[in-house]
Amino acid sequence: MGVTVGEANLKGISLSSIRRANVKLRPREQNFRTRCGTPVQRDTGTVSASHIKPHLRCLQGSGADLGHAVAERSVERAAGIADSTPPPVGPPVHVLLMHTGRSSNLRWSADGAARRERFHAGDVLVNPAGWASRPRWQDDVELLLLGIDPVWLEKLAAESGARAPVEILPRYHFTDPLLKLLLERLVAEYAGPGPADSLYAQSLVQAAAAVMLRVAGDGGPAAVRDGGLAPRRLGEVVDFIHANLSRRVTLADLATVAGVSESHFTRVFRASTGESPHRYVMQRRLEHARRELLGSSRSIAEIAVEAGFADQSHLTRTMRRHEGATPRMLREAGRGAGGSSS
């Protein structure tokens, strides 16, 4: 179908880092782990329903954190023993679904015809919004799901040069190593003990949406733009980042300051700085924390929150991962160096 928006957007996201005019930021929350759907009573007890497909049991998920998308790890029960039956209409969002557990047979209906495939770990299907396939698994299966708002996806495609409207077509059974990596990293971001990194998660969603357009879209060729941000715009973005280290900064916020679309911001920012937005912001937060640790006697917990981390533990984990030392080790080493030079 010729859509190259995937390639256009993914150029700004390396695999190693795969990780609206008024800009309103909310203070960083202390409880970052978003929830699955509302608990519902079923025959087997109270379970958390999936935001994307309510008949599924949600194990982990982003909830409303991503705005235009929802990422989840969910379980779908085998046909005949399911907690509830799939609704007669399809979901209101485009869904990427990847099988992650033991191999199992899936039966579904498409265009009035019955279909059957054996799914193995990593196999993917695309369920367009409103498309009801009435899936019936032979066994209980664990799935990774990404539900994407059709309006947002249409905007993403248009900003990348695709002909409108872009139609997402069903894809029943395929593999895509990049998509597998993106979905795994995205769901894992909401499964760990620390806070989910919004910039990182939004970059993963954008990349996964680009893959969806590539493998299941029908919107025509995309235009690829070259070059980075104008120096003045880049300076404004950098100033904005430094002024808001303690707050939750999103791709939409940065794209608004830069005066470009969200779908292009990651690429042009990388072209200008050599780094992804996520990595750049993280480095600035670590630099701020390092400077305060060495130059002040303030508590580590206070410095952590001011630098944009959830708490002292979040700063400690991040600093250990990026620099091989904890905040306490850094502060003690700085004091030792100061003493030896006197």
# chains A, B, ... in the order shown; residues from 1 in each chain; ligands from 1

$ residues_around --residues "region 186-192 of chain A" --least-positions-apart "4" --cutoff "7 Å" --atoms "only C-alpha atoms" --output "ChimeraX atom specification"
/A:33,60-62,71-73,182,196,201,204

$ write_last_selection --atoms "N, CA and C atoms" --output "mmCIF file, in the first residue's frame"
data_model
loop_
_atom_site.group_PDB
_atom_site.id
_atom_site.type_symbol
_atom_site.label_atom_id
_atom_site.label_comp_id
_atom_site.auth_asym_id
_atom_site.auth_seq_id
_atom_site.Cartn_x
_atom_site.Cartn_y
_atom_site.Cartn_z
ATOM 1 N N ARG A 33 1.962 4.269 38.837
ATOM 2 C CA ARG A 33 1.446 3.061 38.218
ATOM 3 C C ARG A 33 -0.030 3.203 37.924
ATOM 4 N N GLN A 60 -1.707 -5.710 33.657
ATOM 5 C CA GLN A 60 -0.939 -4.471 33.785
ATOM 6 C C GLN A 60 -1.352 -3.557 32.652
ATOM 7 N N GLY A 61 -1.261 -2.253 32.866
ATOM 8 C CA GLY A 61 -1.628 -1.357 31.780
ATOM 9 C C GLY A 61 -1.328 0.089 32.066
ATOM 10 N N SER A 62 -1.396 0.887 31.010
ATOM 11 C CA SER A 62 -1.125 2.321 31.098
ATOM 12 C C SER A 62 -2.337 3.109 31.545
ATOM 13 N N ALA A 71 -1.971 0.853 26.513
ATOM 14 C CA ALA A 71 -1.149 -0.353 26.403
ATOM 15 C C ALA A 71 -1.467 -1.278 27.567
ATOM 16 N N GLU A 72 -1.565 -2.548 27.300
ATOM 17 C CA GLU A 72 -1.938 -3.504 28.339
ATOM 18 C C GLU A 72 -1.294 -4.865 28.129
ATOM 19 N N ARG A 73 -1.135 -5.570 29.238
ATOM 20 C CA ARG A 73 -0.909 -7.008 29.231
ATOM 21 C C ARG A 73 -2.176 -7.630 29.806
ATOM 22 N N LEU A 182 8.773 -3.131 20.363
ATOM 23 C CA LEU A 182 8.071 -1.924 20.805
ATOM 24 C C LEU A 182 6.975 -2.249 21.816
ATOM 25 N N ALA A 196 6.542 5.330 35.242
ATOM 26 C CA ALA A 196 6.642 5.239 33.786
ATOM 27 C C ALA A 196 7.153 6.559 33.242
ATOM 28 N N ALA A 201 7.500 6.365 26.785
ATOM 29 C CA ALA A 201 6.307 5.619 26.410
ATOM 30 C C ALA A 201 5.629 6.208 25.180
ATOM 31 N N LEU A 204 7.473 5.263 22.074
ATOM 32 C CA LEU A 204 7.180 3.883 21.697
ATOM 33 C C LEU A 204 5.827 3.775 21.001
#

$ residues_around --residues "region 304-308 of chain A" --least-positions-apart "2" --cutoff "12 Å" --atoms "only C-alpha atoms" --output "PyMOL selection string"
chain A and resi 26-30+195+197-198+241-249+281-293+298-302+310-319+326-328

$ atom_distance --atom1 "CA of Asp140 (chain A)" --atom2 "CA of Cys58 (chain A)"
13.2 Å

$ atom_distance --atom1 "CA of Ser261 (chain A)" --atom2 "CA of Val237 (chain A)"
13.7 Å

$ residues_around --residues "Leu169 (chain A)" --least-positions-apart "5" --cutoff "7 Å" --atoms "only C-alpha atoms" --output "list in words"
Pro128, Ala216 and Gly217 of chain A

$ closest_atom_pairs --of "region 65-103 of chain A" --to "region 145-157 of chain A" --cutoff "7 Å" --atoms "only C-alpha atoms" --output "tab-separated table"
residue	atom	partner	partner_atom	distance
A:His68	CA	A:Asp149	CA	5.3
A:Ala69	CA	A:Ile148	CA	4.5
A:Val70	CA	A:Gly147	CA	5.1
A:Ala71	CA	A:Leu146	CA	4.5
A:Glu72	CA	A:Leu145	CA	5.2
A:Arg73	CA	A:Leu145	CA	6.3
A:Val93	CA	A:Asp149	CA	5.2
A:His94	CA	A:Ile148	CA	5.1
A:Val95	CA	A:Gly147	CA	4.5
A:Leu96	CA	A:Leu146	CA	5.1
A:Leu97	CA	A:Leu145	CA	4.6
A:Met98	CA	A:Leu145	CA	6.5

$ select_by_dssp --residues "region 147-198 of chain A" --states "alpha helix (DSSP H)" --output "JSON, numbers by chain"
{"A": [150, 151, 152, 153, 154, 155, 156, 157, 158, 159, 177, 178, 179, 180, 181, 182, 183, 184, 185, 186, 187, 188, 189, 198]}

$ atom_distance --atom1 "CA of Gly228 (chain A)" --atom2 "CA of Leu213 (chain A)"
23.9 Å

$ residues_around --residues "Trp131 (chain A)" --least-positions-apart "3" --cutoff "8 Å" --atoms "only C-alpha atoms" --output "number ranges by chain"
A: 89-91, 127-128

$ closest_residue --among "A:Ala78, A:Lys180, A:Pro165, A:Pro193" --to "Gln138 (chain A)" --atoms "only C-alpha atoms"
A:Ala78

$ residues_around --residues "Glu76 (chain A)" --least-positions-apart "5" --cutoff "8 Å" --atoms "only C-alpha atoms" --output "number ranges by chain"
A: 55-57, 82, 137, 140-143

$ write_last_selection --atoms "all heavy atoms" --output "compact mmCIF listing (two decimals), in the first residue's frame"
# COMPACT_ATOMS: atom_id res chain seq x y z
N HIS A 55 -13.89 -7.75 27.76
CA HIS A 55 -14.07 -9.14 28.13
C HIS A 55 -12.75 -9.80 28.53
O HIS A 55 -12.73 -10.94 28.99
CB HIS A 55 -14.73 -9.93 27.00
CG HIS A 55 -13.91 -10.08 25.76
ND1 HIS A 55 -13.70 -9.03 24.88
CD2 HIS A 55 -13.22 -11.14 25.25
CE1 HIS A 55 -12.94 -9.44 23.89
NE2 HIS A 55 -12.63 -10.71 24.09
N LEU A 56 -11.63 -9.09 28.39
CA LEU A 56 -10.33 -9.60 28.80
C LEU A 56 -10.02 -9.21 30.24
O LEU A 56 -10.51 -8.21 30.74
CB LEU A 56 -9.22 -9.06 27.88
CG LEU A 56 -8.90 -9.83 26.60
CD1 LEU A 56 -10.12 -9.90 25.69
CD2 LEU A 56 -7.74 -9.14 25.87
N ARG A 57 -9.18 -9.99 30.90
CA ARG A 57 -8.67 -9.65 32.22
C ARG A 57 -7.37 -8.87 32.06
O ARG A 57 -6.41 -9.38 31.49
CB ARG A 57 -8.37 -10.91 33.03
CG ARG A 57 -9.55 -11.75 33.43
CD ARG A 57 -9.04 -12.94 34.24
NE ARG A 57 -10.13 -13.75 34.79
CZ ARG A 57 -9.93 -14.78 35.60
NH1 ARG A 57 -8.70 -15.11 35.94
NH2 ARG A 57 -10.95 -15.46 36.06
N ALA A 82 -14.69 -18.75 29.21
CA ALA A 82 -14.41 -17.33 29.35
C ALA A 82 -15.31 -16.70 30.40
O ALA A 82 -16.44 -17.15 30.64
CB ALA A 82 -14.59 -16.62 28.01
N TRP A 137 -10.26 -18.56 21.46
CA TRP A 137 -8.99 -19.25 21.69
C TRP A 137 -9.22 -20.65 22.23
O TRP A 137 -10.15 -20.90 23.00
CB TRP A 137 -8.14 -18.46 22.68
CG TRP A 137 -7.62 -17.17 22.16
CD1 TRP A 137 -8.18 -15.93 22.34
CD2 TRP A 137 -6.44 -16.96 21.39
NE1 TRP A 137 -7.42 -14.97 21.72
CE2 TRP A 137 -6.34 -15.57 21.13
CE3 TRP A 137 -5.44 -17.81 20.88
CZ2 TRP A 137 -5.30 -15.01 20.40
CZ3 TRP A 137 -4.40 -17.26 20.16
CH2 TRP A 137 -4.33 -15.88 19.91
N ASP A 140 -6.40 -20.63 27.44
CA ASP A 140 -6.19 -19.30 28.01
C ASP A 140 -4.89 -18.75 27.43
O ASP A 140 -3.87 -19.45 27.36
CB ASP A 140 -6.05 -19.38 29.53
CG ASP A 140 -7.36 -19.69 30.22
OD1 ASP A 140 -8.37 -19.90 29.53
OD2 ASP A 140 -7.37 -19.74 31.47
N VAL A 141 -4.89 -17.48 27.03
CA VAL A 141 -3.71 -16.89 26.41
C VAL A 141 -3.39 -15.55 27.05
O VAL A 141 -4.29 -14.83 27.49
CB VAL A 141 -3.89 -16.70 24.88
CG1 VAL A 141 -3.99 -18.04 24.17
CG2 VAL A 141 -5.12 -15.86 24.57
N GLU A 142 -2.10 -15.24 27.11
CA GLU A 142 -1.65 -13.93 27.58
C GLU A 142 -1.28 -13.09 26.38
O GLU A 142 -0.54 -13.56 25.49
CB GLU A 142 -0.45 -14.08 28.51
CG GLU A 142 -0.06 -12.78 29.19
CD GLU A 142 0.98 -12.96 30.26
OE1 GLU A 142 0.71 -13.70 31.23
OE2 GLU A 142 2.08 -12.38 30.12
N LEU A 143 -1.76 -11.86 26.35
CA LEU A 143 -1.63 -11.00 25.18
C LEU A 143 -1.09 -9.64 25.57
O LEU A 143 -1.34 -9.14 26.66
CB LEU A 143 -3.00 -10.81 24.50
CG LEU A 143 -3.81 -12.07 24.19
CD1 LEU A 143 -5.24 -11.71 23.82
CD2 LEU A 143 -3.16 -12.86 23.04

$ closest_residue --among "A:Arg115, A:Arg136, A:Arg267, A:His120" --to "Thr100 (chain A)" --atoms "only C-alpha atoms"
A:His120

$ closest_residue --among "A:Gly295, A:Thr250, A:Phe269, A:Trp108" --to "Gly334 (chain A)" --atoms "only C-alpha atoms"
A:Gly295

$ closest_residue --among "A:Arg233, A:Arg116, A:Arg77, A:Arg331" --to "Ser297 (chain A)" --atoms "only C-alpha atoms"
A:Arg331

$ closest_residue --among "A:Arg279, A:Arg335, A:Arg134, A:Arg102" --to "His322 (chain A)" --atoms "only C-alpha atoms"
A:Arg279
